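Student: This structure is in structure tokens; I'll ask about it shortly.
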There are 2 protein chains.
Amino acid sequence: MLRSCTCGDLRIDNVSQNVTLAGWVQKTRKMGGMTFVDLRDRYGVTQLVFNNDVNEELCERANKLGREYVIQIKGIVSERSNKNANIPTGDIEIIVDEMNLLNSSAVPPFTIEDNTDGGDDIRMQYRYLDLRRNNVRSNMELRHKIAFETRRFLDAENFLEVETPILIKSTPEGARDFVVPSRMNPGEFYALPQSPQLFKQLLMVSGFDRYFQIAKCFRDEDLRADRQPEFTQIDCEMTFVEQEDVLNMFEKLMRHLFKYVKNVDFDGAFPRMTWEDAMNFYGSDKPDIRFDMKFVEIKDLTTGYNFPVFDSADYVAGICATGCASYTRKQIDQLTDFVKRPQIGAKGLVYVKYEQDGSVKSSVDKFYAPEVIKGWLERFDAKPGDLVLILCGEKRKTQKQLCELRLEMGSKMGLRDKDTFAPLWVIDFPLFEWDEDSQRFYAMHHPFTMPNPDDISLLDTDPGSVRAWAYDMVINGVELGGGSIRIHDGALQKRMFQLLGFSDEQAQDQFGFLMDAFKYGAPPHGGLAFGLDRLVSMFAGLDTIRDCIAFPKNNSGRDVMNDAPSKIDDAQLKELFLELNLPAQD
Amino acid sequence: MLRSCTCGDLRIDNVSQNVTLAGWVQKTRKMGGMTFVDLRDRYGVTQLVFNNDVNEELCERANKLGREYVIQIKGIVSERSNKNANIPTGDIEIIVDEMNLLNSSAVPPFTIEDNTDGGDDIRMQYRYLDLRRNNVRSNMELRHKIAFETRRFLDAENFLEVETPILIKSTPEGARDFVVPSRMNPGEFYALPQSPQLFKQLLMVSGFDRYFQIAKCFRDEDLRADRQPEFTQIDCEMTFVEQEDVLNMFEKLMRHLFKYVKNVDFDGAFPRMTWEDAMNFYGSDKPDIRFDMKFVEIKDLTTGYNFPVFDSADYVAGICATGCASYTRKQIDQLTDFVKRPQIGAKGLVYVKYEQDGSVKSSVDKFYAPEVIKGWLERFDAKPGDLVLILCGEKRKTQKQLCELRLEMGSKMGLRDKDTFAPLWVIDFPLFEWDEDSQRFYAMHHPFTMPNPDDISLLDTDPGSVRAWAYDMVINGVELGGGSIRIHDGALQKRMFQLLGFSDEQAQDQFGFLMDAFKYGAPPHGGLAFGLDRLVSMFAGLDTIRDCIAFPKNNSGRDVMNDAPSKIDDAQLKELFLELNLPAQD
């Protein structure tokens, strides 16, 4: 080794030991006849001291070190007179008596500090330097730890990690596949997996009993802020289980991760909420329950007073913001602007201030007498000093708007602390969702999801109301994962494909091997998948998943560091039996 | 859970407990008024008993169970009168009082037994059934365990697992890339990584210090028996290390795996052998040293006796097979045929039998007097009863032939026991190898390999003799992994690219981001990668890596189970700005 210990190792107990360190020059300071160098590696920073009186030549060389030079030094550990309580090595320094320059460095294009002066674009272009920053690297350390603890937990629970293929068959259902031309099979393509779903179900048919995989998945979608073309799932499946068993197992995994990675314990079981309640009380299938502020419906209390806006709406509901009656006109205007933004799309916002003196003040004073409004306040369980905010319109649409307003108020009121974690199981998802455009049902989860046996009779008469044995884990309003009990009966699976509008030929072509497998003793099974990227970003308190991926791509799917994707040469295309057919240039 | 315990759990201590089991019907036997069913799951087999006198209807249903039906039963654990010492549950059976059919099964196309009646093709087509066989599944369990123990070891040694991208930039150097057309970047392609080499070096530049990843890698090569288009590497890299540190770390990893996975301990350090010695004594850079039988050169003892075959050969050498002088004419003819096979390509085989009575008998008696031949035997350190086998010709070519002969003799003599493990480090690989066809040097390992500093002066004068700081781990003649200390100096890296015939533009285009990274304080670093598939197949005593991959592809790169690759529709091609240009059909 080019070092006897790391830059994070040395403490007061090591004083007078001879050591060899290697690392990067974080900074140098010249003070009188002394030169101080902060030497950095992954494990910490250690102060080096060069004394001009003792070794002028060495000190001169130290003065010439630039930022990010790589050096190896030998010296003796010494107690610092001026201790630094902020770092674990702050009690000591190294009196250097030998220095080897291992590599020099050009001046980096941005500072290698937690608060860098580099913007997003340049940091991505020089990602290898960005990763040198402690806060960026620590996200990767966290990711390693979460993945490792996940494996430790699942291994102890008898789950086998099985690698499923990356070069698989393309299936048009679902999102768009990335495809890979096969040179050996002219005109044919592999697809990259959007998830290992079919393979994990096959492994259950194979009797693997408990499977998991931390698996790369791929989707060729137009990238939104928080999407990456490749992402990672903690993918799990179990045999001979019911929904309750799956929820219990993965609640236990989540507790394990919070305990061993963040030292957070949860009291009691994770709460559970039906999808219907989640929509009605929070306007979202992933409610942030760090704070309450549930929706309250008041349609019945608002009709018949000649206020056309409420009268014509099929849904009138609001939230009660505790202690916010003191909001100024300007603050309320800001909230009104917020809900009227095109992304949210409300027509307006009605407020009721329940003043400290018991009086009420509202934007709809003209239409409703104080006693009527007090009736609303009662239903909201509002207290003097509270502010009630009301939206109205078509039910599901208004619930979504109200959800945004509720989250905004939660943020404004400081109720969404990143170090508080409020886990939740959302259950009883609908099996299907209706798509207006194509006038057909789609599987809300995927076509392999088991209908709730209590609702099977509704499959033909009222498919939209059939509940699925499907569930999501939500923490702080983020969907971290979800899954379902799967159909293991070939006949029921066939019926599902029919309900989803697949012809027999389509079903056979795309999922024939799964249907075939189901003929040979498929056991009851179910599972789920967590998004590792989201899980890490939640643990790290990050706003995007990009910051917890070592080499992410930008919104055009481009790696700006190594400039991928790129052109390939004609010979390579020819070998793949392909020709480009590019859009005309304007 | 649909069971209270698994089919592998119950022992004599559980007698008289009420249990619920679920699993697959392995077989049913009717004996008098009793029906016995072997119920199987991943964990074992438990015998179920149905008594016609007690419950005729239940027994009747049991009689109708087919192979691979999935059932759930409830019953009481009972001591068997007729115990089965071959299985851990053999002391007990379950007296069944309730049975639920969870799924039926068509008759499987082959028997689900360790020794199945299914051929390779049908087993691959129904891989999900093949994976039900204990011996196939146990390979996957072994794979899980090796991967898990690898992570446990490396985590404890401060290695961080970092996921590097699967969609990367295509580089023409090396094997052929699989490419992925980018819809969002018309006419451009990602490549799938042949290894994470460049990314792991960048992570060292980033100061990650110790990195690993169990990583999927891809090569679009014509598949030989033991190649797969996608395979898995244990990929590792360390900073501030010399070759010795890397060898020590990964020798320790290998000891850990053998200890925790196979309960095998090794005495003493793993032996090391230079590449030169490996070639000269074993004719291979991956010698099987479970047995000795080193090559012995006798050119000098054979010239001048008018035997034109030896006289015209620049290399005459052989091996001594202890105790094989009794080989019959037929056995020796078989060996001669073996070395003359086109895959090996020797012109012939010379033998010398050192008879028990001290006389010699040889196929070249006509040319060499017994005293001369005894001189050879002396050099071979042969004893009466031994057989010496000799080949001659061009040196490297003959060494390869002799290597095959040595391995064949090792197998015939029972010296290659699959449960004996002989690890070896092969070191001092040449930096370059000369390619006759293209009349240029290629990097034997890869272009980032550090030349041995002692040989730097030879880079310009005699590149072929420059040794690299490169190393392979070999066990039982299988190269399990290899790596090198890397170049961390930009100028030296540039010189390497020049020596390898890259123009500056080519080097910049393909590896520009790595060269750029090296400008900003790249530390000394090195590492290696193990082939996980090979490692598992060695641990499992398998002949091919295919048997330790859950869903392997065949020699045409095809997954015969789900029929990938496959055609994609025109709309999809159009979206990717591609057209097919298929070869004309005959």
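Each chain of the structure tokens is named A, B, ... in the order shown, its residues numbered from 1; ligands are numbered from 1 in display order.
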List as JSON, numbers by chain the protein and nucleic acid residues near A:Asp337, meaning an atom at most 12 Å away when only C-alpha atoms are counted, but skip any in the same chain fewer than 4 places from it.
Tutor: {"A": [330, 331, 332, 333, 341, 342, 343, 344, 345, 346, 347, 348, 349, 405]}
Student: Name all residues at most 10 Å from A:Val360 (count only C-alpha atoms; drop same-chain ones fewer than 5 positions away) and give them as number ranges by chain.
Tutor: A: 325, 352-355, 365, 369-371, 373-374, 377, 384-385, 387
Student: Would you write out those residues with N, CA and C atoms, as a PDB file, in the first residue's frame?
Tutor:
ATOM      1  N   ALA A 325     -55.395  31.934   9.993  1.00  0.00           N
ATOM      2  CA  ALA A 325     -56.371  32.995   9.746  1.00  0.00           C
ATOM      3  C   ALA A 325     -55.691  34.353   9.576  1.00  0.00           C
ATOM      4  N   VAL A 352     -62.036  30.943   3.912  1.00  0.00           N
ATOM      5  CA  VAL A 352     -62.795  31.395   5.083  1.00  0.00           C
ATOM      6  C   VAL A 352     -61.805  31.582   6.216  1.00  0.00           C
ATOM      7  N   LYS A 353     -61.727  32.802   6.727  1.00  0.00           N
ATOM      8  CA  LYS A 353     -60.888  33.048   7.904  1.00  0.00           C
ATOM      9  C   LYS A 353     -61.766  32.970   9.149  1.00  0.00           C
ATOM     10  N   TYR A 354     -61.381  32.102  10.063  1.00  0.00           N
ATOM     11  CA  TYR A 354     -62.096  32.016  11.344  1.00  0.00           C
ATOM     12  C   TYR A 354     -61.281  32.855  12.328  1.00  0.00           C
ATOM     13  N   GLU A 355     -61.707  34.130  12.473  1.00  0.00           N
ATOM     14  CA  GLU A 355     -60.883  35.070  13.236  1.00  0.00           C
ATOM     15  C   GLU A 355     -60.830  34.682  14.718  1.00  0.00           C
ATOM     16  N   ASP A 365     -68.613  35.893   1.275  1.00  0.00           N
ATOM     17  CA  ASP A 365     -69.503  36.587   2.224  1.00  0.00           C
ATOM     18  C   ASP A 365     -70.828  37.004   1.579  1.00  0.00           C
ATOM     19  N   ALA A 369     -74.461  33.613   4.585  1.00  0.00           N
ATOM     20  CA  ALA A 369     -74.543  34.301   5.875  1.00  0.00           C
ATOM     21  C   ALA A 369     -73.541  33.686   6.846  1.00  0.00           C
ATOM     22  N   PRO A 370     -73.075  34.434   7.823  1.00  0.00           N
ATOM     23  CA  PRO A 370     -72.095  33.915   8.770  1.00  0.00           C
ATOM     24  C   PRO A 370     -72.533  32.588   9.407  1.00  0.00           C
ATOM     25  N   GLU A 371     -73.820  32.423   9.689  1.00  0.00           N
ATOM     26  CA  GLU A 371     -74.256  31.174  10.335  1.00  0.00           C
ATOM     27  C   GLU A 371     -74.038  29.974   9.411  1.00  0.00           C
ATOM     28  N   ILE A 373     -71.747  29.762   7.060  1.00  0.00           N
ATOM     29  CA  ILE A 373     -70.297  29.512   6.995  1.00  0.00           C
ATOM     30  C   ILE A 373     -69.815  28.847   8.278  1.00  0.00           C
ATOM     31  N   LYS A 374     -70.409  29.241   9.389  1.00  0.00           N
ATOM     32  CA  LYS A 374     -70.038  28.585  10.654  1.00  0.00           C
ATOM     33  C   LYS A 374     -70.379  27.093  10.619  1.00  0.00           C
ATOM     34  N   LEU A 377     -67.491  25.544   9.019  1.00  0.00           N
ATOM     35  CA  LEU A 377     -66.335  25.505   9.925  1.00  0.00           C
ATOM     36  C   LEU A 377     -66.475  24.361  10.924  1.00  0.00           C
ATOM     37  N   PRO A 384     -61.038  28.992  16.168  1.00  0.00           N
ATOM     38  CA  PRO A 384     -60.684  30.386  15.893  1.00  0.00           C
ATOM     39  C   PRO A 384     -59.180  30.493  15.611  1.00  0.00           C
ATOM     40  N   GLY A 385     -58.857  31.239  14.605  1.00  0.00           N
ATOM     41  CA  GLY A 385     -57.444  31.355  14.193  1.00  0.00           C
ATOM     42  C   GLY A 385     -57.122  30.503  12.979  1.00  0.00           C
ATOM     43  N   LEU A 387     -57.642  28.842   9.052  1.00  0.00           N
ATOM     44  CA  LEU A 387     -57.989  29.295   7.709  1.00  0.00           C
ATOM     45  C   LEU A 387     -58.497  28.087   6.919  1.00  0.00           C
TER      46      LEU A 387
END
Student: I'd like the contact shell of A:Glu79 - 9 Å cut-off, only C-alpha atoms, skipping same-chain residues fewer than 4 positions apart - returned as a list in words.
Tutor: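 Those residues are Arg11, Ile12, Val15, Ser16, Lys83, Asp91, Ile92, Glu93 and Ile94 of chain A.
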Student: Please produce a file of the residues just selected, as a JSON list (two decimals), in the first residue's frame, where the atoms kept are N, CA, C and O atoms.
Tutor:
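And here is the file that came out, result.json:
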[["chain", "number", "residue", "atom", "x", "y", "z"],
["A", 11, "ARG", "N", -5.95, 9.83, 15.37],
["A", 11, "ARG", "CA", -6.53, 10.46, 16.55],
["A", 11, "ARG", "C", -5.40, 10.81, 17.52],
["A", 11, "ARG", "O", -4.24, 10.50, 17.28],
["A", 12, "ILE", "N", -5.78, 11.40, 18.61],
["A", 12, "ILE", "CA", -4.79, 11.83, 19.60],
["A", 12, "ILE", "C", -3.94, 10.64, 20.10],
["A", 12, "ILE", "O", -2.76, 10.79, 20.41],
["A", 15, "VAL", "N", -0.48, 9.92, 18.43],
["A", 15, "VAL", "CA", 0.62, 10.89, 18.49],
["A", 15, "VAL", "C", 1.96, 10.19, 18.64],
["A", 15, "VAL", "O", 2.06, 9.18, 19.35],
["A", 16, "SER", "N", 2.94, 10.68, 17.93],
["A", 16, "SER", "CA", 4.33, 10.21, 17.83],
["A", 16, "SER", "C", 4.52, 8.94, 16.99],
["A", 16, "SER", "O", 5.63, 8.43, 16.91],
["A", 83, "LYS", "N", -6.64, 23.05, 17.96],
["A", 83, "LYS", "CA", -7.46, 21.90, 17.56],
["A", 83, "LYS", "C", -8.69, 22.32, 16.77],
["A", 83, "LYS", "O", -9.22, 23.41, 16.96],
["A", 91, "ASP", "N", -7.65, 16.77, 16.21],
["A", 91, "ASP", "CA", -6.73, 16.91, 17.35],
["A", 91, "ASP", "C", -5.27, 16.77, 16.95],
["A", 91, "ASP", "O", -4.38, 17.10, 17.74],
["A", 92, "ILE", "N", -5.04, 16.28, 15.72],
["A", 92, "ILE", "CA", -3.65, 15.97, 15.36],
["A", 92, "ILE", "C", -3.27, 16.60, 14.03],
["A", 92, "ILE", "O", -4.10, 17.11, 13.28],
["A", 93, "GLU", "N", -1.96, 16.60, 13.76],
["A", 93, "GLU", "CA", -1.46, 16.98, 12.45],
["A", 93, "GLU", "C", -0.22, 16.12, 12.19],
["A", 93, "GLU", "O", 0.28, 15.45, 13.10],
["A", 94, "ILE", "N", 0.26, 16.14, 10.95],
["A", 94, "ILE", "CA", 1.44, 15.33, 10.61],
["A", 94, "ILE", "C", 2.60, 16.28, 10.33],
["A", 94, "ILE", "O", 2.49, 17.16, 9.47]]
Student: Here is a test: counting only C-alpha atoms, which residue of A:Gln197, A:Gln47, A:Asn18, A:Ser104 is nearest to A:Ala529?
Tutor: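 Closest to A:Ala529, using only C-alpha atoms: A:Gln197.
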Student: Among stretch 112-317 of chain B, which ones does DSSP assign to strand (DSSP E or B) (computed from the backbone)? Answer as a PyMOL selection string.
Tutor: chain B and resi 160-161+168+179-181+189-191+210-218+230-239+272-274+296-297+315-317
Student: Write to file, as a compact mmCIF listing (two decimals), in the first residue's frame, the residues of the selection just made, with N, CA, C and O atoms.
Tutor:
# COMPACT_ATOMS: atom_id res chain seq x y z
N LEU B 160 -16.98 -0.01 -1.84
CA LEU B 160 -18.33 0.49 -2.12
C LEU B 160 -18.83 -0.12 -3.42
O LEU B 160 -18.13 -0.05 -4.44
N GLU B 161 -20.04 -0.66 -3.38
CA GLU B 161 -20.62 -1.12 -4.65
C GLU B 161 -21.27 0.07 -5.33
O GLU B 161 -22.16 0.71 -4.77
N ILE B 168 -24.07 3.03 -22.48
CA ILE B 168 -22.84 3.81 -22.48
C ILE B 168 -22.42 4.14 -23.91
O ILE B 168 -23.14 3.89 -24.87
N VAL B 179 -25.34 -2.67 -29.55
CA VAL B 179 -25.72 -1.26 -29.57
C VAL B 179 -27.23 -1.10 -29.42
O VAL B 179 -28.00 -2.01 -29.71
N VAL B 180 -27.61 0.08 -28.94
CA VAL B 180 -29.01 0.38 -28.65
C VAL B 180 -29.36 1.70 -29.31
O VAL B 180 -28.82 2.75 -28.91
N PRO B 181 -30.22 1.69 -30.34
CA PRO B 181 -30.56 2.96 -30.99
C PRO B 181 -31.28 3.90 -30.01
O PRO B 181 -32.09 3.46 -29.21
N PHE B 189 -26.43 5.91 -31.13
CA PHE B 189 -26.58 4.62 -30.45
C PHE B 189 -25.84 4.63 -29.11
O PHE B 189 -24.76 5.20 -29.00
N TYR B 190 -26.44 3.98 -28.15
CA TYR B 190 -25.69 3.60 -26.95
C TYR B 190 -25.01 2.27 -27.24
O TYR B 190 -25.39 1.55 -28.16
N ALA B 191 -24.04 1.91 -26.41
CA ALA B 191 -23.52 0.55 -26.42
C ALA B 191 -23.79 -0.05 -25.05
O ALA B 191 -23.92 0.68 -24.06
N ARG B 210 -12.08 2.41 -2.90
CA ARG B 210 -12.29 0.98 -3.14
C ARG B 210 -13.68 0.80 -3.72
O ARG B 210 -14.68 1.12 -3.06
N TYR B 211 -13.72 0.29 -4.90
CA TYR B 211 -14.99 0.10 -5.62
C TYR B 211 -15.17 -1.36 -5.95
O TYR B 211 -14.21 -2.07 -6.24
N PHE B 212 -16.41 -1.83 -5.95
CA PHE B 212 -16.70 -3.10 -6.60
C PHE B 212 -18.10 -3.04 -7.18
O PHE B 212 -18.89 -2.15 -6.86
N GLN B 213 -18.38 -4.00 -8.04
CA GLN B 213 -19.70 -4.13 -8.59
C GLN B 213 -19.84 -5.54 -9.14
O GLN B 213 -18.93 -6.03 -9.81
N ILE B 214 -20.94 -6.17 -8.83
CA ILE B 214 -21.27 -7.42 -9.52
C ILE B 214 -22.09 -6.98 -10.71
O ILE B 214 -23.25 -6.59 -10.57
N ALA B 215 -21.43 -6.97 -11.86
CA ALA B 215 -21.92 -6.20 -13.01
C ALA B 215 -22.19 -7.09 -14.21
O ALA B 215 -21.42 -7.99 -14.53
N LYS B 216 -23.32 -6.79 -14.86
CA LYS B 216 -23.63 -7.46 -16.12
C LYS B 216 -22.76 -6.86 -17.23
O LYS B 216 -22.65 -5.63 -17.34
N CYS B 217 -22.17 -7.71 -18.05
CA CYS B 217 -21.33 -7.28 -19.17
C CYS B 217 -21.85 -7.98 -20.43
O CYS B 217 -22.51 -9.01 -20.35
N PHE B 218 -21.51 -7.38 -21.57
CA PHE B 218 -22.12 -7.83 -22.82
C PHE B 218 -21.07 -7.87 -23.92
O PHE B 218 -20.28 -6.94 -24.06
N GLU B 230 -24.49 -12.21 -22.59
CA GLU B 230 -24.41 -11.43 -21.35
C GLU B 230 -23.84 -12.31 -20.26
O GLU B 230 -24.16 -13.48 -20.16
N PHE B 231 -22.95 -11.73 -19.48
CA PHE B 231 -22.29 -12.50 -18.43
C PHE B 231 -22.04 -11.56 -17.27
O PHE B 231 -22.26 -10.35 -17.37
N THR B 232 -21.58 -12.11 -16.16
CA THR B 232 -21.51 -11.31 -14.94
C THR B 232 -20.09 -11.30 -14.38
O THR B 232 -19.46 -12.36 -14.30
N GLN B 233 -19.63 -10.11 -14.05
CA GLN B 233 -18.30 -9.99 -13.47
C GLN B 233 -18.36 -9.45 -12.04
O GLN B 233 -19.19 -8.60 -11.74
N ILE B 234 -17.46 -9.94 -11.21
CA ILE B 234 -17.19 -9.28 -9.93
C ILE B 234 -16.05 -8.31 -10.23
O ILE B 234 -14.90 -8.73 -10.41
N ASP B 235 -16.38 -7.05 -10.33
CA ASP B 235 -15.47 -6.06 -10.86
C ASP B 235 -14.96 -5.20 -9.69
O ASP B 235 -15.77 -4.69 -8.91
N CYS B 236 -13.64 -5.08 -9.54
CA CYS B 236 -13.09 -4.42 -8.35
C CYS B 236 -11.96 -3.47 -8.72
O CYS B 236 -11.24 -3.72 -9.69
N GLU B 237 -11.78 -2.44 -7.93
CA GLU B 237 -10.69 -1.51 -8.18
C GLU B 237 -10.30 -0.86 -6.85
O GLU B 237 -11.15 -0.61 -5.99
N MET B 238 -8.98 -0.59 -6.69
CA MET B 238 -8.47 0.00 -5.45
C MET B 238 -7.48 1.12 -5.78
O MET B 238 -6.78 1.06 -6.78
N THR B 239 -7.41 2.07 -4.89
CA THR B 239 -6.50 3.20 -5.07
C THR B 239 -5.32 3.09 -4.11
O THR B 239 -5.43 2.48 -3.05
N ARG B 272 2.62 -18.52 -6.95
CA ARG B 272 2.65 -17.56 -8.07
C ARG B 272 3.59 -18.09 -9.14
O ARG B 272 4.59 -18.73 -8.83
N MET B 273 3.27 -17.81 -10.36
CA MET B 273 4.08 -18.30 -11.47
C MET B 273 4.13 -17.21 -12.52
O MET B 273 3.11 -16.56 -12.79
N THR B 274 5.32 -16.98 -13.09
CA THR B 274 5.37 -15.99 -14.16
C THR B 274 4.70 -16.58 -15.40
O THR B 274 4.66 -17.80 -15.59
N VAL B 296 9.32 -31.03 -20.01
CA VAL B 296 10.78 -31.12 -19.94
C VAL B 296 11.31 -31.02 -21.36
O VAL B 296 10.83 -31.72 -22.26
N GLU B 297 12.26 -30.11 -21.57
CA GLU B 297 12.81 -29.91 -22.91
C GLU B 297 14.01 -30.82 -23.14
O GLU B 297 14.89 -30.91 -22.28
N TYR B 315 11.91 -27.16 -31.22
CA TYR B 315 11.50 -27.42 -29.84
C TYR B 315 11.11 -28.88 -29.72
O TYR B 315 10.29 -29.38 -30.51
N VAL B 316 11.73 -29.58 -28.79
CA VAL B 316 11.37 -30.98 -28.52
C VAL B 316 11.16 -31.10 -27.02
O VAL B 316 12.06 -30.77 -26.23
N ALA B 317 9.98 -31.50 -26.60
CA ALA B 317 9.72 -31.57 -25.16
C ALA B 317 8.64 -32.59 -24.89
O ALA B 317 7.91 -33.02 -25.80
Student: Name the closest residue to A:Asn134 among the candidates B:Gly207, B:Gly187, B:Gly318, B:Pro196; distances are taken between atoms, counting only C-alpha atoms.
Tutor: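 Closest to A:Asn134 of all the choices is B:Gly207.
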